[in-house]
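Structure file coords.cif; described as mmCIF, C-alpha atoms.
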data_input
loop_
_atom_site.label_atom_id
_atom_site.label_comp_id
_atom_site.auth_asym_id
_atom_site.auth_seq_id
_atom_site.Cartn_x
_atom_site.Cartn_y
_atom_site.Cartn_z
CA MET A 1 0.00 0.00 0.00
CA ALA A 2 1.36 3.43 -0.96
CA LYS A 3 2.35 5.72 1.88
CA ALA A 4 -0.29 8.35 2.61
CA PRO A 5 0.72 11.95 1.83
CA ASN A 6 1.59 14.18 4.76
CA PRO A 7 -1.31 16.28 6.06
CA VAL A 8 -1.21 20.04 5.63
CA ALA A 9 -2.92 22.38 8.10
CA LEU A 10 -5.33 24.61 6.17
CA TYR A 11 -6.76 27.09 8.67
CA PRO A 12 -5.46 28.88 11.81
CA GLY A 13 -7.45 29.70 14.95
CA LEU A 14 -10.37 32.10 15.25
CA LEU A 15 -8.26 35.06 16.43
CA GLU A 16 -6.11 34.93 13.27
CA PHE A 17 -9.09 34.64 10.91
CA PRO A 18 -10.21 38.27 10.46
CA ASN A 19 -6.81 39.46 9.18
CA LEU A 20 -5.63 36.22 7.57
CA ALA A 21 -3.27 36.79 4.63
CA ILE A 22 -2.28 33.67 2.71
CA SER A 23 1.14 35.22 2.01
CA ASP A 24 1.89 34.91 5.76
CA TYR A 25 1.58 31.11 5.43
CA PRO A 26 4.21 30.19 2.79
CA ASP A 27 3.90 26.39 3.19
CA LEU A 28 0.12 26.56 2.87
CA GLN A 29 0.33 28.94 -0.09
CA SER A 30 2.78 26.61 -1.82
CA PHE A 31 0.54 23.59 -1.20
CA LEU A 32 -2.57 25.29 -2.57
CA SER A 33 -0.73 26.67 -5.61
CA ALA A 34 0.80 23.28 -6.43
CA GLY A 35 -2.59 21.66 -7.04
CA PRO A 36 -5.26 22.19 -9.69
CA ASP A 37 -6.89 25.63 -9.91
CA TRP A 38 -9.97 24.52 -8.00
CA ARG A 39 -7.87 23.68 -4.90
CA MET A 40 -7.36 27.36 -4.03
CA ALA A 41 -11.03 28.08 -4.80
CA HIS A 42 -12.12 25.31 -2.44
CA TRP A 43 -9.84 26.63 0.29
CA ARG A 44 -11.47 30.05 -0.06
CA TRP A 45 -14.93 28.45 0.13
CA GLY A 46 -13.86 26.81 3.40
CA TYR A 47 -12.43 30.10 4.65
CA GLU A 48 -15.67 31.98 3.91
CA PHE A 49 -17.75 29.25 5.55
CA LEU A 50 -15.59 29.27 8.68
CA SER A 51 -15.63 33.07 8.80
CA TYR A 52 -19.42 32.83 8.84
CA ILE A 53 -19.27 30.24 11.66
CA GLY A 54 -16.81 32.41 13.61
CA ARG A 55 -19.13 35.42 13.41
CA ASN A 56 -22.23 33.54 14.52
CA LYS A 57 -21.07 30.75 16.85
CA SER A 58 -18.84 30.30 19.89
CA GLU A 59 -15.08 29.83 19.69
CA HIS A 60 -15.54 26.18 20.71
CA THR A 61 -18.06 25.59 17.90
CA PHE A 62 -15.77 27.34 15.43
CA GLY A 63 -12.94 25.00 16.44
CA ARG A 64 -15.06 21.90 15.82
CA PHE A 65 -16.23 23.10 12.40
CA ARG A 66 -12.71 24.16 11.45
CA ASN A 67 -11.25 20.74 12.25
CA GLU A 68 -13.98 18.88 10.35
CA THR A 69 -13.85 21.23 7.34
CA GLU A 70 -10.07 20.89 7.24
CA ARG A 71 -10.20 17.08 7.28
CA PHE A 72 -12.80 16.97 4.55
CA LEU A 73 -10.94 19.35 2.24
CA LEU A 74 -7.65 17.51 2.83
CA TRP A 75 -9.35 14.29 1.78
CA VAL A 76 -10.78 16.05 -1.31
CA PHE A 77 -7.34 17.48 -2.20
CA LEU A 78 -5.03 14.58 -1.40
CA PHE A 79 -7.11 11.42 -1.78
CA LYS A 80 -10.20 12.02 -3.94
CA ASP A 81 -8.68 14.75 -6.14
CA LYS A 82 -12.14 15.71 -7.37
CA PRO A 83 -13.99 19.04 -6.92
CA MET A 84 -16.91 19.18 -4.50
CA ASP A 85 -19.46 19.83 -7.26
CA GLN A 86 -18.57 16.43 -8.76
CA LEU A 87 -18.92 14.46 -5.52
CA ARG A 88 -21.90 12.15 -5.12
CA LYS A 89 -23.38 10.10 -2.28
CA ALA A 90 -20.94 7.24 -2.88
CA ASP A 91 -18.00 9.64 -2.57
CA ILE A 92 -19.22 10.97 0.80
CA LEU A 93 -19.64 7.41 2.06
CA GLU A 94 -16.07 6.80 0.91
CA TYR A 95 -15.03 9.79 3.02
CA ALA A 96 -16.84 8.21 5.98
CA ASP A 97 -14.69 5.09 5.42
CA PHE A 98 -11.62 7.34 5.49
CA CYS A 99 -12.69 8.94 8.80
CA TRP A 100 -13.46 5.53 10.27
CA GLN A 101 -9.90 4.36 9.58
CA PRO A 102 -7.60 7.28 8.71
CA PRO A 103 -3.92 6.78 7.81
CA VAL A 104 -1.84 6.02 10.90
CA GLY A 105 0.47 8.90 10.04
CA TRP A 106 -2.50 11.28 10.32
CA ILE A 107 -3.25 10.26 13.92
CA GLY A 108 -1.62 12.01 16.87
CA LEU A 109 -1.75 11.41 20.62
CA VAL A 110 -1.79 15.04 21.76
CA ASN A 111 -2.94 18.35 20.34
CA HIS A 112 -0.24 20.42 18.66
CA GLU A 113 -0.40 23.92 17.22
CA LYS A 114 -1.03 23.84 13.48
CA PHE A 115 1.49 26.54 12.67
CA VAL A 116 4.82 27.71 14.11
CA HIS A 117 5.61 31.43 13.91
CA GLN A 118 9.16 32.01 12.66
CA ALA A 119 10.77 35.13 11.21
CA GLY A 120 7.43 36.83 10.61
CA PHE A 121 5.78 33.85 8.85
CA TYR A 122 3.55 30.94 9.92
CA HIS A 123 5.07 27.60 8.95
CA GLN A 124 3.55 24.13 9.13
CA ASN A 125 4.15 22.33 12.40
CA PRO A 126 5.32 18.81 11.45
CA GLN A 127 4.00 17.44 14.75
CA TRP A 128 0.39 18.42 13.99
CA SER A 129 -2.08 15.67 13.01
CA PRO A 130 -5.71 15.97 11.78
CA PHE A 131 -6.94 13.08 13.97
CA ARG A 132 -6.21 12.29 17.61
CA LEU A 133 -6.30 9.02 19.49
CA LYS A 134 -7.75 9.91 22.89
CA LEU A 135 -6.06 8.11 25.74
CA ALA A 136 -7.89 7.41 28.97
CA LYS A 137 -7.56 10.31 31.39
CA GLY A 138 -4.76 9.65 33.83
CA SER A 139 -3.48 6.71 31.74
CA GLN A 140 0.08 5.82 32.70
CA SER A 141 0.53 2.61 30.73
CA SER A 142 4.14 1.84 29.74
CA GLU A 143 2.88 0.28 26.51
CA PRO A 144 3.11 2.58 23.47
CA ALA A 145 -0.29 3.67 22.19
CA ASN A 146 -1.49 1.67 19.19
CA LYS A 147 -2.77 4.21 16.65
CA LYS A 148 -4.31 1.41 14.60
CA LYS A 149 -6.91 1.09 17.37
CA TYR A 150 -8.29 4.52 16.53
CA LYS A 151 -12.04 4.44 15.95
CA PRO A 152 -14.27 7.52 16.02
CA SER A 153 -17.19 7.55 18.44
CA GLN A 154 -20.77 7.84 17.23
CA GLN A 155 -20.68 11.46 18.41
CA THR A 156 -17.52 12.16 16.38
CA LEU A 157 -19.01 10.53 13.29
CA SER A 158 -22.19 12.56 13.66
CA ALA A 159 -20.14 15.76 14.06
CA MET A 160 -18.32 14.96 10.82
CA PHE A 161 -21.56 14.68 8.86
CA THR A 162 -23.01 17.77 10.55
CA SER A 163 -20.01 19.85 9.47
CA VAL A 164 -19.86 18.60 5.87
CA ILE A 165 -23.64 19.00 5.46
CA ALA A 166 -23.38 22.54 6.87
CA LEU A 167 -20.51 23.37 4.47
CA TYR A 168 -22.58 22.23 1.48
CA LYS A 169 -25.65 24.12 2.74
CA TYR A 170 -23.62 27.31 3.09
CA LEU A 171 -22.23 26.98 -0.44
CA MET A 172 -25.72 26.29 -1.77
CA THR A 173 -27.00 29.44 -0.04
CA GLU A 174 -24.17 31.37 -1.68
CA GLU A 175 -25.16 29.80 -5.04
CA VAL A 176 -21.72 28.22 -5.42
CA LEU A 177 -22.95 24.60 -5.38
CA TYR A 178 -26.32 23.03 -6.19
CA GLY A 179 -26.91 19.87 -4.19
CA ASN A 180 -25.92 18.31 -0.89
CA PRO A 181 -24.69 14.71 -1.27
CA ALA A 182 -23.65 14.59 2.40
CA GLN A 183 -27.27 15.06 3.48
CA ILE A 184 -28.28 12.06 1.37
CA ALA A 185 -25.31 9.93 2.40
CA LYS A 186 -25.75 10.27 6.16
CA LYS A 187 -28.73 7.90 6.41
CA ASP A 188 -26.82 5.23 4.47
CA CYS A 189 -23.59 5.40 6.48
CA ARG A 190 -22.89 1.87 7.69
CA TYR A 191 -21.04 3.02 10.80
CA PHE A 192 -24.03 4.58 12.51
CA ILE A 193 -25.57 2.38 15.20
CA LYS A 194 -29.15 2.70 16.40
CA ASP A 195 -28.67 3.41 20.06
CA ALA A 196 -31.17 2.21 22.67
CA GLN A 197 -28.64 2.12 25.48
CA VAL A 198 -29.04 3.64 28.90
CA LYS A 199 -27.35 7.03 28.58
CA ASP A 200 -24.57 7.59 31.08
CA VAL A 201 -24.71 11.28 31.97
CA ARG A 202 -21.23 11.97 33.25
CA ARG A 203 -21.66 13.20 36.78
CA LEU A 204 -20.36 12.72 40.28
CA THR A 205 -22.17 10.67 42.89
CA GLU A 206 -23.43 12.39 46.04
CA GLN A 207 -20.47 10.95 47.92
CA GLN A 208 -17.90 12.03 45.33
CA TRP A 209 -19.39 15.54 45.29
CA LEU A 210 -19.08 15.73 49.08
CA TYR A 211 -15.37 14.97 48.82
CA VAL A 212 -14.95 17.67 46.15
CA ILE A 213 -16.74 20.39 48.14
CA GLU A 214 -15.05 19.40 51.41
CA ILE A 215 -11.60 19.50 49.82
CA ALA A 216 -12.38 22.87 48.19
CA GLU A 217 -13.52 24.28 51.55
CA LYS A 218 -10.46 22.88 53.33
CA LEU A 219 -8.12 24.45 50.76
CA ALA A 220 -9.89 27.80 51.12
CA ASN A 221 -9.84 27.66 54.93
CA ASP A 222 -6.11 26.87 54.92
CA ASP A 223 -5.16 29.46 52.30
CA SER A 224 -7.39 32.40 51.34
CA ASN A 225 -6.04 32.31 47.78
CA HIS A 226 -8.09 29.13 47.33
CA GLU A 227 -11.33 31.04 47.91
CA ARG A 228 -11.27 31.38 44.13
CA SER A 229 -11.17 27.58 43.73
CA LEU A 230 -14.08 27.10 46.11
CA PHE A 231 -16.15 29.75 44.33
CA ILE A 232 -15.51 28.27 40.87
CA ILE A 233 -16.42 24.74 42.01
CA CYS A 234 -19.67 25.95 43.60
CA ALA A 235 -20.62 28.17 40.66
CA LEU A 236 -20.16 25.40 38.08
CA LYS A 237 -22.21 22.93 40.12
CA ALA A 238 -24.92 25.11 41.67
CA LEU A 239 -25.50 27.38 38.64
CA PHE A 240 -25.05 24.64 36.00
CA LEU A 241 -22.42 26.70 34.17
CA ARG A 242 -20.31 25.62 31.23
CA ILE A 243 -16.66 26.54 31.82
CA SER A 244 -16.85 29.00 28.90
CA GLU A 245 -19.73 30.84 30.59
CA LEU A 246 -17.51 31.73 33.53
CA SER A 247 -14.49 32.68 31.41
CA GLU A 248 -13.24 35.83 29.72
CA ARG A 249 -13.95 35.77 25.96
CA PRO A 250 -13.23 38.22 23.14
CA ASN A 251 -16.91 39.25 22.94
CA TRP A 252 -17.99 38.86 26.58
CA SER A 253 -16.52 39.58 30.00
CA PRO A 254 -18.41 38.08 32.98
CA VAL A 255 -18.53 40.78 35.67
CA MET A 256 -20.02 40.88 39.15
CA SER A 257 -22.93 43.14 38.13
CA HIS A 258 -24.22 40.20 36.05
CA PHE A 259 -25.46 38.95 39.43
CA TRP A 260 -28.67 40.94 40.02
CA GLN A 261 -31.61 40.97 42.41
CA ASP A 262 -35.23 41.42 41.34
CA SER A 263 -38.01 43.22 43.19
CA ASP A 264 -38.93 40.00 45.04
CA ASN A 265 -35.37 39.66 46.37
CA ASN A 266 -34.59 36.73 44.06
CA TRP A 267 -31.00 36.60 42.80
CA TRP A 268 -30.15 35.87 39.16
CA LEU A 269 -27.01 35.56 37.06
CA LYS A 270 -26.89 36.88 33.52
CA VAL A 271 -24.90 34.49 31.30
CA TYR A 272 -23.72 34.63 27.69
CA GLY A 273 -24.10 31.04 26.50
CA LYS A 274 -24.15 28.81 23.45
CA GLY A 275 -25.70 30.17 20.28
CA SER A 276 -24.72 33.73 21.29
CA LYS A 277 -27.73 33.83 23.63
CA ILE A 278 -27.98 35.68 26.93
CA ARG A 279 -30.03 33.98 29.63
CA ASP A 280 -30.73 34.53 33.31
CA ILE A 281 -30.04 31.68 35.73
CA THR A 282 -31.71 31.41 39.13
CA VAL A 283 -29.20 31.75 41.98
CA PRO A 284 -30.10 29.61 45.02
CA ASP A 285 -29.82 31.04 48.51
CA SER A 286 -27.32 28.31 49.37
CA PHE A 287 -24.85 29.82 46.87
CA LEU A 288 -24.82 33.32 48.36
CA PRO A 289 -22.49 32.50 51.33
CA TYR A 290 -19.84 31.28 48.85
CA LEU A 291 -20.27 34.40 46.74
CA LYS A 292 -19.92 36.56 49.87
CA ARG A 293 -16.77 34.86 51.17
CA TYR A 294 -15.09 35.07 47.76
CA ARG A 295 -15.95 38.76 47.47
CA SER A 296 -14.71 39.34 51.02
CA GLN A 297 -11.37 37.76 50.13
CA ARG A 298 -11.15 40.27 47.26
CA ASP A 299 -12.03 43.22 49.53
CA LEU A 300 -15.35 43.75 47.76
CA PRO A 301 -18.74 44.51 49.39
CA ALA A 302 -20.64 41.40 50.48
CA LEU A 303 -22.94 41.29 47.44
CA PRO A 304 -22.69 42.61 43.88
CA PHE A 305 -24.32 45.91 42.92
CA ILE A 306 -25.28 47.79 39.74
CA GLY A 307 -22.12 49.01 38.02
CA ASP A 308 -19.88 46.46 39.78
CA ASN A 309 -17.58 45.74 36.85
CA SER A 310 -15.00 43.65 38.66
CA PRO A 311 -14.49 40.27 36.92
CA ILE A 312 -16.50 37.40 38.36
CA VAL A 313 -13.28 35.36 38.50
CA GLU A 314 -10.23 37.59 38.36
CA LYS A 315 -6.87 36.51 36.97
CA ILE A 316 -4.18 35.35 39.37
CA ARG A 317 -1.85 37.91 37.81
CA GLY A 318 -2.80 40.89 35.67
CA GLN A 319 -6.18 42.43 34.98
CA GLY A 320 -9.42 40.96 33.65
CA GLY A 321 -11.09 37.59 33.96
CA MET A 322 -9.67 34.10 33.63
CA THR A 323 -9.62 32.06 30.44
CA ALA A 324 -11.38 28.71 30.20
CA ARG A 325 -8.01 26.95 30.28
CA GLN A 326 -7.00 28.66 33.53
CA LEU A 327 -10.35 27.83 35.14
CA THR A 328 -10.04 24.20 34.04
CA ARG A 329 -6.62 23.87 35.68
CA ILE A 330 -8.00 25.18 38.99
CA VAL A 331 -10.92 22.71 38.95
CA GLN A 332 -8.61 19.84 38.02
CA THR A 333 -6.41 20.58 41.03
CA VAL A 334 -9.43 20.22 43.34
CA PHE A 335 -10.52 17.00 41.58
CA ASP A 336 -7.03 15.53 42.01
CA GLU A 337 -6.97 16.37 45.73
CA ALA A 338 -10.49 14.95 46.20
CA TYR A 339 -9.53 11.75 44.33
CA THR A 340 -6.50 11.24 46.57
CA ALA A 341 -8.55 11.81 49.74
CA MET A 342 -11.43 9.56 48.67
CA ARG A 343 -9.16 6.77 47.46
CA ALA A 344 -7.40 6.72 50.85
CA LYS A 345 -10.71 6.42 52.77
CA GLU A 346 -13.07 4.64 50.38
CA GLY A 347 -10.83 2.72 48.00
CA GLU A 348 -9.96 3.04 44.32
CA ASP A 349 -13.31 1.80 42.97
CA ARG A 350 -15.38 4.48 44.67
CA ALA A 351 -12.93 7.28 43.84
CA LEU A 352 -12.16 6.34 40.23
CA LYS A 353 -14.67 8.69 38.58
CA LEU A 354 -12.97 11.66 40.21
CA LYS A 355 -9.89 10.74 38.22
CA GLU A 356 -11.94 10.76 35.01
CA ALA A 357 -14.02 13.86 35.78
CA SER A 358 -13.90 17.09 33.78
CA THR A 359 -15.32 20.54 34.56
CA HIS A 360 -18.51 19.72 32.63
CA TRP A 361 -19.29 16.93 35.10
CA LEU A 362 -20.09 19.60 37.71
CA ARG A 363 -22.83 21.03 35.46
CA HIS A 364 -24.26 17.53 34.94
CA THR A 365 -23.96 16.76 38.66
CA GLY A 366 -25.92 19.85 39.65
CA ALA A 367 -28.61 19.24 37.03
CA SER A 368 -28.98 15.54 37.91
CA MET A 369 -29.35 16.32 41.60
CA GLU A 370 -32.06 18.87 40.75
CA VAL A 371 -33.99 16.22 38.80
CA GLU A 372 -33.68 13.85 41.76
CA ARG A 373 -34.91 16.64 44.04
CA GLY A 374 -38.07 16.78 41.92
CA ARG A 375 -37.59 20.15 40.26
CA ALA A 376 -39.76 20.84 37.18
CA LEU A 377 -37.90 19.96 33.96
CA LYS A 378 -39.09 23.17 32.27
CA ASP A 379 -37.50 25.36 34.97
CA LEU A 380 -34.31 23.32 34.95
CA SER A 381 -34.14 23.43 31.15
CA GLU A 382 -34.25 27.23 31.16
CA ASP A 383 -31.51 27.47 33.79
CA LEU A 384 -29.36 25.05 31.76
CA GLY A 385 -29.90 27.07 28.57
CA HIS A 386 -31.07 24.05 26.57
CA ALA A 387 -32.72 24.94 23.27
CA SER A 388 -35.04 21.96 23.68
CA MET A 389 -36.49 20.26 26.74
CA SER A 390 -35.66 16.92 25.10
CA THR A 391 -31.99 17.63 25.88
CA THR A 392 -32.83 18.13 29.55
CA ASP A 393 -34.97 15.00 29.41
CA THR A 394 -31.86 12.84 28.85
CA ILE A 395 -30.84 13.78 32.42
CA TYR A 396 -34.30 12.76 33.63
CA VAL A 397 -34.08 9.45 31.74
CA GLN A 398 -30.68 8.80 33.32
CA SER A 399 -32.15 9.47 36.75
CA GLU A 400 -34.96 7.03 36.02
CA ALA A 401 -32.37 4.48 34.87
CA LYS A 402 -30.79 4.64 38.35
CA LYS A 403 -34.12 3.61 39.86
CA ARG A 404 -34.44 0.83 37.29
CA ALA A 405 -30.95 -0.43 38.17
CA GLU A 406 -31.80 -0.42 41.87
CA SER A 407 -34.99 -2.40 41.26
CA GLY A 408 -33.07 -4.94 39.18
CA LYS A 409 -30.19 -5.56 41.58
CA ASN A 410 -31.98 -8.11 43.71
CA ARG A 411 -33.04 -10.48 40.94
CA LYS A 412 -32.36 -14.12 41.81
CA ILE A 413 -30.59 -16.61 39.59
#
In structure tokens, how does this file's structure come out?
Amino acid sequence: MAKAPNPVALYPGLLEFPNLAISDYPDLQSFLSAGPDWRMAHWRWGYEFLSYIGRNKSEHTFGRFRNETERFLLWVFLFKDKPMDQLRKADILEYADFCWQPPVGWIGLVNHEKFVHQAGFYHQNPQWSPFRLKLAKGSQSSEPANKKKYKPSQQTLSAMFTSVIALYKYLMTEEVLYGNPAQIAKKDCRYFIKDAQVKDVRRLTEQQWLYVIEIAEKLANDDSNHERSLFIICALKALFLRISELSERPNWSPVMSHFWQDSDNNWWLKVYGKGSKIRDITVPDSFLPYLKRYRSQRDLPALPFIGDNSPIVEKIRGQGGMTARQLTRIVQTVFDEAYTAMRAKEGEDRALKLKEASTHWLRHTGASMEVERGRALKDLSEDLGHASMSTTDTIYVQSEAKKRAESGKNRKI
């Protein structure tokens, strides 16, 4: 079998997009110029599509669409060598085969920057790969990772089709292409599995959550600098926040005045969420003591007020709010401490999920506990910022599955 060509990164990050000049990327410019005329045209189509996504979606969504668009165009350029207007359903299904088992040389183990800035130009980073084999969190196996074991999840496969369908739809709207073979191909993709499994909403158990909050409180009591950690942990869990909704972003800065009190003395938090939508989240009374102690540590009045433009979570050094990456590191430190404490007292089996947990688990934990408390799904759905109650319902179904598992435990052989 012939060796697969080396991948070429096609698009930089969102911040570089508005002022992107192809002349600043000599390797990319050379690659596009070396192919047929339509290669450069296709790259520009992808650039215009991603510019549209960047203007209308979150940075995280832009990143997903960029990666999928890049993979698809690389396959078109280097493997299919056929313009998009000539592709048919069978070709898209062939691309699905490619994504199901990409060349080993196109699979990496860690994320690398696509470009390296040298002498005023952006050059290809030879360590970058279009696909990534995800290793288990905390994996310390001495065995080298086997890239041949790479298989995309159902979610990854669905994201691939979503992106390619969206690219075709955009080009149809712009009257560049007339037809969407990806839309037709999706229902015939042999890798999709009809899923009637019990959905495992990734969350902490009551006991695991108690270890997390106790460790966070202990850290804060021992060192006031950790009041920030305690506040972040409580905000993510009690207010069902995504990490991005607490972070500083180019188009939104979460500030303390986004906490507000209505005429009935109810507290709310104004959040800029997915889909560029602003929503108000109910703030429970139980959260206010944590808000007050964090503000006290920062020498602020006990509760926020109109015009209070201090960041909700300030940087450790410098001005402004924290990035999502900085917030994630703080949460991970608390998870690691909680895992160590729980493993020592309860054993590895009970503590293991704390080793696997991510920041998003706190959102799921808070929402799941609300369902179990009996809160109305409609109210919970609005706090979560779900576009559809059916999304919230998956949490309810998971909660019901717990009851089903309990009722089935005592079956006799």
Do you know which residues the PyMOL selection byres ((chain A and resi 338) around 12) returns on this file, as number ranges by chain? A: 204, 207-219, 331-337, 339-346, 350-355, 357
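Nearest to Leu303 of chain A of all the residues A:His258, A:Ile316, A:Ile193, A:Gly347 is A:His258, counting all atoms listed in the file.
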Of A:Trp128, A:Met84, A:Leu167, A:Ser23, the one sitting nearest Gly46 of chain A when using all atoms listed in the file is A:Leu167
Determine, for each residue of segment 117-171 of chain A having at least one atom at most 10 Å from an atom of segment 94-111 of chain A, the closest pair of atoms and their separation in Å to one decimal, counting all atoms listed in the file; order by chain and ascending number, as JSON lines.
{"residue": "A:Gln127", "atom": "CA", "partner": "A:Gly108", "partner_atom": "CA", "distance": 8.1}
{"residue": "A:Trp128", "atom": "CA", "partner": "A:Asn111", "partner_atom": "CA", "distance": 7.2}
{"residue": "A:Ser129", "atom": "CA", "partner": "A:Trp106", "partner_atom": "CA", "distance": 5.2}
{"residue": "A:Pro130", "atom": "CA", "partner": "A:Trp106", "partner_atom": "CA", "distance": 5.9}
{"residue": "A:Phe131", "atom": "CA", "partner": "A:Ile107", "partner_atom": "CA", "distance": 4.6}
{"residue": "A:Arg132", "atom": "CA", "partner": "A:Gly108", "partner_atom": "CA", "distance": 4.7}
{"residue": "A:Leu133", "atom": "CA", "partner": "A:Leu109", "partner_atom": "CA", "distance": 5.3}
{"residue": "A:Lys134", "atom": "CA", "partner": "A:Leu109", "partner_atom": "CA", "distance": 6.6}
{"residue": "A:Leu135", "atom": "CA", "partner": "A:Leu109", "partner_atom": "CA", "distance": 7.5}
{"residue": "A:Ala145", "atom": "CA", "partner": "A:Leu109", "partner_atom": "CA", "distance": 8.0}
{"residue": "A:Asn146", "atom": "CA", "partner": "A:Val104", "partner_atom": "CA", "distance": 9.4}
{"residue": "A:Lys147", "atom": "CA", "partner": "A:Val104", "partner_atom": "CA", "distance": 6.1}
{"residue": "A:Lys148", "atom": "CA", "partner": "A:Val104", "partner_atom": "CA", "distance": 6.4}
{"residue": "A:Lys149", "atom": "CA", "partner": "A:Gln101", "partner_atom": "CA", "distance": 9.0}
{"residue": "A:Tyr150", "atom": "CA", "partner": "A:Gln101", "partner_atom": "CA", "distance": 7.1}
{"residue": "A:Lys151", "atom": "CA", "partner": "A:Trp100", "partner_atom": "CA", "distance": 6.0}
{"residue": "A:Pro152", "atom": "CA", "partner": "A:Trp100", "partner_atom": "CA", "distance": 6.1}
{"residue": "A:Ser153", "atom": "CA", "partner": "A:Trp100", "partner_atom": "CA", "distance": 9.2}
{"residue": "A:Thr156", "atom": "CA", "partner": "A:Cys99", "partner_atom": "CA", "distance": 9.5}
{"residue": "A:Leu157", "atom": "CA", "partner": "A:Cys99", "partner_atom": "CA", "distance": 7.9}
{"residue": "A:Met160", "atom": "CA", "partner": "A:Ala96", "partner_atom": "CA", "distance": 8.4}
{"residue": "A:Phe161", "atom": "CA", "partner": "A:Ala96", "partner_atom": "CA", "distance": 8.5}
Export of prior selection with C-alpha atoms as an mmCIF file, in the frame of the given file:
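The resulting file, result.cif, is shown below:
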data_model
loop_
_atom_site.group_PDB
_atom_site.id
_atom_site.type_symbol
_atom_site.label_atom_id
_atom_site.label_comp_id
_atom_site.auth_asym_id
_atom_site.auth_seq_id
_atom_site.Cartn_x
_atom_site.Cartn_y
_atom_site.Cartn_z
ATOM 1 C CA GLN A 127 4.000 17.440 14.750
ATOM 2 C CA TRP A 128 0.390 18.420 13.990
ATOM 3 C CA SER A 129 -2.080 15.670 13.010
ATOM 4 C CA PRO A 130 -5.710 15.970 11.780
ATOM 5 C CA PHE A 131 -6.940 13.080 13.970
ATOM 6 C CA ARG A 132 -6.210 12.290 17.610
ATOM 7 C CA LEU A 133 -6.300 9.020 19.490
ATOM 8 C CA LYS A 134 -7.750 9.910 22.890
ATOM 9 C CA LEU A 135 -6.060 8.110 25.740
ATOM 10 C CA ALA A 145 -0.290 3.670 22.190
ATOM 11 C CA ASN A 146 -1.490 1.670 19.190
ATOM 12 C CA LYS A 147 -2.770 4.210 16.650
ATOM 13 C CA LYS A 148 -4.310 1.410 14.600
ATOM 14 C CA LYS A 149 -6.910 1.090 17.370
ATOM 15 C CA TYR A 150 -8.290 4.520 16.530
ATOM 16 C CA LYS A 151 -12.040 4.440 15.950
ATOM 17 C CA PRO A 152 -14.270 7.520 16.020
ATOM 18 C CA SER A 153 -17.190 7.550 18.440
ATOM 19 C CA THR A 156 -17.520 12.160 16.380
ATOM 20 C CA LEU A 157 -19.010 10.530 13.290
ATOM 21 C CA MET A 160 -18.320 14.960 10.820
ATOM 22 C CA PHE A 161 -21.560 14.680 8.860
#
- List the residues selected by the PyMOL selection byres ((chain A and resi 304) around 10) in the file shown, writing them as a ChimeraX atom specification. /A:255-261,291-292,295,300-303,305-310,312
TODO: Calculate how many Å separate atom CA of Gln326 of chain A from atom CA of Pro126 of chain A, rounding to one decimal.
DONE: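 About the pair atom CA of Gln326 of chain A and atom CA of Pro126 of chain A: they are 27.1 Å apart.
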Check your understanding: Could you write out as a list in words the residues that the PyMOL selection byres ((chain A and resi 115-118) around 10) matches in the shown file?
Key ->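 Checking the PyMOL selection byres ((chain A and resi 115-118) around 10) against this file, the residues are Val8, Ala9, Leu10, Tyr11, Pro12, Gly13, Asp24, Tyr25, Asp27, Leu28, His112, Glu113, Lys114, Ala119, Gly120, Phe121, Tyr122, His123, Gln124, Asn125, Pro126, Gln127 and Trp128 of chain A.
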Save the residues we just selected, C-alpha atoms, as a PDB file, in the coordinates of the input?
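Output (part-v4.pdb):
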ATOM      1  CA  VAL A   8      -1.210  20.040   5.630  1.00  0.00           C
ATOM      2  CA  ALA A   9      -2.920  22.380   8.100  1.00  0.00           C
ATOM      3  CA  LEU A  10      -5.330  24.610   6.170  1.00  0.00           C
ATOM      4  CA  TYR A  11      -6.760  27.090   8.670  1.00  0.00           C
ATOM      5  CA  PRO A  12      -5.460  28.880  11.810  1.00  0.00           C
ATOM      6  CA  GLY A  13      -7.450  29.700  14.950  1.00  0.00           C
ATOM      7  CA  ASP A  24       1.890  34.910   5.760  1.00  0.00           C
ATOM      8  CA  TYR A  25       1.580  31.110   5.430  1.00  0.00           C
ATOM      9  CA  ASP A  27       3.900  26.390   3.190  1.00  0.00           C
ATOM     10  CA  LEU A  28       0.120  26.560   2.870  1.00  0.00           C
ATOM     11  CA  HIS A 112      -0.240  20.420  18.660  1.00  0.00           C
ATOM     12  CA  GLU A 113      -0.400  23.920  17.220  1.00  0.00           C
ATOM     13  CA  LYS A 114      -1.030  23.840  13.480  1.00  0.00           C
ATOM     14  CA  ALA A 119      10.770  35.130  11.210  1.00  0.00           C
ATOM     15  CA  GLY A 120       7.430  36.830  10.610  1.00  0.00           C
ATOM     16  CA  PHE A 121       5.780  33.850   8.850  1.00  0.00           C
ATOM     17  CA  TYR A 122       3.550  30.940   9.920  1.00  0.00           C
ATOM     18  CA  HIS A 123       5.070  27.600   8.950  1.00  0.00           C
ATOM     19  CA  GLN A 124       3.550  24.130   9.130  1.00  0.00           C
ATOM     20  CA  ASN A 125       4.150  22.330  12.400  1.00  0.00           C
ATOM     21  CA  PRO A 126       5.320  18.810  11.450  1.00  0.00           C
ATOM     22  CA  GLN A 127       4.000  17.440  14.750  1.00  0.00           C
ATOM     23  CA  TRP A 128       0.390  18.420  13.990  1.00  0.00           C
TER      24      TRP A 128
END
